[in-house]
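Below is input_19.json, which holds JSON, C-alpha atoms.
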```
[["chain", "number", "residue", "atom", "x", "y", "z"],
["A", 1, "ASP", "CA", 101.87, 83.36, 90.49],
["A", 2, "TYR", "CA", 103.63, 84.15, 93.79],
["A", 3, "PHE", "CA", 106.99, 84.55, 92.05],
["A", 4, "ARG", "CA", 105.55, 86.81, 89.37],
["A", 5, "ALA", "CA", 103.69, 88.90, 91.97],
["A", 6, "GLY", "CA", 106.88, 89.15, 94.04],
["A", 7, "LEU", "CA", 108.86, 90.33, 91.00],
["A", 8, "GLU", "CA", 106.17, 92.91, 90.23],
["A", 9, "GLU", "CA", 106.37, 94.21, 93.82],
["A", 10, "PHE", "CA", 110.16, 94.31, 93.58],
["A", 11, "ALA", "CA", 109.97, 96.23, 90.28],
["A", 12, "LYS", "CA", 107.65, 98.79, 91.91],
["A", 13, "ASN", "CA", 110.18, 99.15, 94.76],
["A", 14, "ASN", "CA", 107.63, 97.73, 97.23],
["A", 15, "LEU", "CA", 109.78, 94.70, 98.07],
["A", 16, "LYS", "CA", 113.45, 94.73, 99.06],
["A", 17, "MET", "CA", 116.01, 91.94, 98.72],
["A", 18, "GLY", "CA", 116.29, 89.87, 101.90],
["A", 19, "THR", "CA", 112.84, 90.92, 103.14],
["A", 20, "THR", "CA", 110.28, 88.28, 103.98],
["A", 21, "ARG", "CA", 106.97, 88.83, 102.23],
["A", 22, "VAL", "CA", 103.87, 87.54, 104.00],
["A", 23, "TRP", "CA", 100.92, 87.08, 101.64],
["A", 24, "GLN", "CA", 97.52, 87.66, 103.22],
["A", 25, "LEU", "CA", 94.33, 86.01, 101.99],
["A", 26, "GLY", "CA", 91.78, 88.62, 101.06],
["A", 27, "VAL", "CA", 94.34, 91.43, 101.03],
["A", 28, "ASP", "CA", 96.85, 90.45, 98.37],
["A", 29, "PRO", "CA", 96.05, 89.11, 94.91],
["A", 30, "TYR", "CA", 97.75, 85.85, 95.97],
["A", 31, "PRO", "CA", 96.90, 83.57, 97.65],
["A", 32, "THR", "CA", 93.38, 83.23, 96.42],
["A", 33, "VAL", "CA", 90.69, 80.62, 96.13],
["A", 34, "LYS", "CA", 88.78, 79.90, 92.95],
["A", 35, "ILE", "CA", 85.84, 77.64, 92.15],
["A", 36, "CYS", "CA", 86.17, 75.63, 88.96],
["A", 37, "ASP", "CA", 83.09, 76.23, 86.83],
["A", 38, "GLY", "CA", 81.27, 78.26, 89.50],
["A", 39, "GLN", "CA", 77.50, 78.14, 89.11],
["A", 40, "GLY", "CA", 75.17, 81.09, 89.58],
["A", 41, "ASP", "CA", 76.58, 83.55, 92.08],
["A", 42, "GLU", "CA", 79.10, 81.14, 93.69],
["A", 43, "ASP", "CA", 82.09, 83.13, 92.41],
["A", 44, "GLN", "CA", 80.64, 86.36, 93.81],
["A", 45, "GLN", "CA", 79.85, 84.73, 97.17],
["A", 46, "LEU", "CA", 83.38, 83.35, 97.39],
["A", 47, "ALA", "CA", 84.89, 86.76, 96.53],
["A", 48, "GLU", "CA", 82.82, 88.38, 99.28],
["A", 49, "PHE", "CA", 83.90, 85.69, 101.76],
["A", 50, "ILE", "CA", 87.59, 86.18, 100.90],
["A", 51, "LYS", "CA", 87.17, 89.97, 101.23],
["A", 52, "LYS", "CA", 85.68, 89.46, 104.72],
["A", 53, "ILE", "CA", 88.72, 87.38, 105.68],
["A", 54, "GLY", "CA", 91.02, 90.15, 104.42],
["A", 55, "SER", "CA", 89.16, 92.83, 106.39],
["A", 56, "LYS", "CA", 89.29, 90.61, 109.52],
["A", 57, "GLU", "CA", 85.49, 90.46, 109.63],
["A", 58, "ILE", "CA", 85.95, 86.69, 109.51],
["A", 59, "ASP", "CA", 88.77, 85.01, 111.46],
["A", 60, "ALA", "CA", 89.81, 82.19, 109.11],
["A", 61, "ALA", "CA", 91.72, 80.25, 111.81],
["A", 62, "ALA", "CA", 88.74, 80.39, 114.16],
["A", 63, "GLU", "CA", 86.41, 79.23, 111.38],
["A", 64, "VAL", "CA", 88.64, 76.25, 110.59],
["A", 65, "LYS", "CA", 88.78, 75.34, 114.27],
["A", 66, "ARG", "CA", 85.02, 75.76, 114.63],
["A", 67, "LEU", "CA", 84.22, 73.66, 111.60],
["A", 68, "GLY", "CA", 86.86, 71.03, 112.42]]
```

Spit out the file's structure as C-alpha cells when you get a sec.
Amino acid sequence: DYFRAGLEEFAKNNLKMGTTRVWQLGVDPYPTVKICDGQGDEDQQLAEFIKKIGSKEIDAAAEVKRLG
C-alpha cells in the first residue's frame, strides 16, 4: 500500500526522486488502522480517533506513554 501510494504521489508530481516521504497517521491514507469485523459503530469511532490524531487534537506518543 505504501509503495502504491508513493507511486501515485510521484505520478501526480507531489513526490520527487531522492525525497524522503514521512507518512502521518490521520493525515495520509497510509498508515491506517482497521478493525477486523468491526461491530456496531467501532469502525466510525476508530476513524474519528485517527482523525483526531491527524489534527493533533490527540498526541499519539503522549497517549502511548500515558497508557504504558

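Going from CA of Leu7 in chain A to CA of Asp43 in chain A covers 27.8 Å.
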
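The gap separating CA of Ile50 in chain A from CA of Thr19 in chain A is 25.8 Å, in Å to one decimal.
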
Do a neighbour search on range 23-40 of chain A at 12 Å with only C-alpha atoms, toss out local chain neighbours closer than 4 positions, and write the hits as a VMD selection string.
chain A and resid 1 to 6 8 to 9 44 to 61

Next, dump the selected residues to file, keeping only C-alpha atoms, as a compact mmCIF listing (two decimals), keeping the file's coordinate frame.
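Generated output (again_9.txt):
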```txt
# COMPACT_ATOMS: atom_id res chain seq x y z
CA ASP A 1 101.87 83.36 90.49
CA TYR A 2 103.63 84.15 93.79
CA PHE A 3 106.99 84.55 92.05
CA ARG A 4 105.55 86.81 89.37
CA ALA A 5 103.69 88.90 91.97
CA GLY A 6 106.88 89.15 94.04
CA GLU A 8 106.17 92.91 90.23
CA GLU A 9 106.37 94.21 93.82
CA GLN A 44 80.64 86.36 93.81
CA GLN A 45 79.85 84.73 97.17
CA LEU A 46 83.38 83.35 97.39
CA ALA A 47 84.89 86.76 96.53
CA GLU A 48 82.82 88.38 99.28
CA PHE A 49 83.90 85.69 101.76
CA ILE A 50 87.59 86.18 100.90
CA LYS A 51 87.17 89.97 101.23
CA LYS A 52 85.68 89.46 104.72
CA ILE A 53 88.72 87.38 105.68
CA GLY A 54 91.02 90.15 104.42
CA SER A 55 89.16 92.83 106.39
CA LYS A 56 89.29 90.61 109.52
CA GLU A 57 85.49 90.46 109.63
CA ILE A 58 85.95 86.69 109.51
CA ASP A 59 88.77 85.01 111.46
CA ALA A 60 89.81 82.19 109.11
CA ALA A 61 91.72 80.25 111.81
```

Using only the atoms of range 10-24 of chain A listed in the file, plus 3 Å on each side, state the axis-aligned box centre and edge lengths in Å rounded to one decimal, as AutoDock Vina command-line options.
```
--center_x 106.9 --center_y 93.1 --center_z 97.1 --size_x 24.8 --size_y 18.1 --size_z 19.7
```

How would range 3-14 of chain A read, as a compact mmCIF listing (two decimals), in the frame of the given file, once all heavy atoms are built in?
```txt
# COMPACT_ATOMS: atom_id res chain seq x y z
N PHE A 3 105.71 84.05 92.54
CA PHE A 3 106.99 84.55 92.05
C PHE A 3 106.79 85.77 91.17
O PHE A 3 107.47 86.78 91.33
CB PHE A 3 107.73 83.44 91.30
CG PHE A 3 109.11 83.83 90.88
CD1 PHE A 3 110.11 84.06 91.82
CD2 PHE A 3 109.42 83.96 89.54
CE1 PHE A 3 111.39 84.42 91.43
CE2 PHE A 3 110.70 84.32 89.14
CZ PHE A 3 111.68 84.55 90.09
N ARG A 4 105.83 85.68 90.26
CA ARG A 4 105.55 86.81 89.37
C ARG A 4 105.08 88.02 90.17
O ARG A 4 105.53 89.14 89.96
CB ARG A 4 104.48 86.43 88.34
CG ARG A 4 104.18 87.57 87.35
CD ARG A 4 103.15 87.19 86.30
NE ARG A 4 101.93 86.60 86.80
CZ ARG A 4 100.93 87.29 87.37
NH1 ARG A 4 101.03 88.58 87.52
NH2 ARG A 4 99.85 86.67 87.78
N ALA A 5 104.19 87.80 91.13
CA ALA A 5 103.69 88.90 91.97
C ALA A 5 104.83 89.50 92.79
O ALA A 5 104.90 90.73 92.94
CB ALA A 5 102.58 88.40 92.88
N GLY A 6 105.73 88.66 93.30
CA GLY A 6 106.88 89.15 94.04
C GLY A 6 107.79 90.00 93.16
O GLY A 6 108.28 91.06 93.58
N LEU A 7 108.03 89.55 91.92
CA LEU A 7 108.86 90.33 91.00
C LEU A 7 108.20 91.66 90.66
O LEU A 7 108.88 92.69 90.55
CB LEU A 7 109.12 89.53 89.72
CG LEU A 7 110.10 88.38 89.83
CD1 LEU A 7 110.19 87.64 88.51
CD2 LEU A 7 111.47 88.86 90.28
N GLU A 8 106.88 91.65 90.51
CA GLU A 8 106.17 92.91 90.23
C GLU A 8 106.32 93.87 91.41
O GLU A 8 106.54 95.07 91.21
CB GLU A 8 104.70 92.63 89.93
CG GLU A 8 104.48 91.97 88.59
CD GLU A 8 103.04 91.52 88.36
OE1 GLU A 8 102.20 91.68 89.28
OE2 GLU A 8 102.77 90.99 87.27
N GLU A 9 106.19 93.36 92.64
CA GLU A 9 106.37 94.21 93.82
C GLU A 9 107.80 94.75 93.88
O GLU A 9 108.02 95.90 94.22
CB GLU A 9 106.04 93.41 95.09
CG GLU A 9 104.60 93.03 95.19
CD GLU A 9 103.93 93.57 96.43
OE1 GLU A 9 104.63 93.88 97.41
OE2 GLU A 9 102.70 93.68 96.41
N PHE A 10 108.76 93.90 93.57
CA PHE A 10 110.16 94.31 93.58
C PHE A 10 110.39 95.41 92.53
O PHE A 10 111.06 96.41 92.81
CB PHE A 10 111.07 93.10 93.29
CG PHE A 10 112.53 93.42 93.36
CD1 PHE A 10 113.15 93.62 94.58
CD2 PHE A 10 113.28 93.50 92.20
CE1 PHE A 10 114.51 93.90 94.64
CE2 PHE A 10 114.63 93.80 92.25
CZ PHE A 10 115.24 94.00 93.47
N ALA A 11 109.81 95.25 91.35
CA ALA A 11 109.97 96.23 90.28
C ALA A 11 109.35 97.58 90.66
O ALA A 11 109.85 98.63 90.25
CB ALA A 11 109.34 95.72 88.98
N LYS A 12 108.30 97.55 91.46
CA LYS A 12 107.65 98.79 91.91
C LYS A 12 108.33 99.38 93.14
O LYS A 12 107.87 100.37 93.69
CB LYS A 12 106.18 98.50 92.25
CG LYS A 12 105.33 98.13 91.06
CD LYS A 12 103.93 97.79 91.52
CE LYS A 12 103.09 97.27 90.38
NZ LYS A 12 101.77 96.79 90.85
N ASN A 13 109.42 98.72 93.59
CA ASN A 13 110.18 99.15 94.76
C ASN A 13 109.38 98.97 96.06
O ASN A 13 109.61 99.66 97.03
CB ASN A 13 110.66 100.60 94.62
CG ASN A 13 111.96 100.82 95.36
OD1 ASN A 13 112.71 99.89 95.60
ND2 ASN A 13 112.22 102.06 95.72
N ASN A 14 108.42 98.03 96.04
CA ASN A 14 107.63 97.73 97.23
C ASN A 14 108.17 96.51 97.99
O ASN A 14 107.63 96.15 99.02
CB ASN A 14 106.17 97.46 96.85
CG ASN A 14 105.47 98.68 96.32
OD1 ASN A 14 105.84 99.81 96.64
ND2 ASN A 14 104.48 98.47 95.50
```
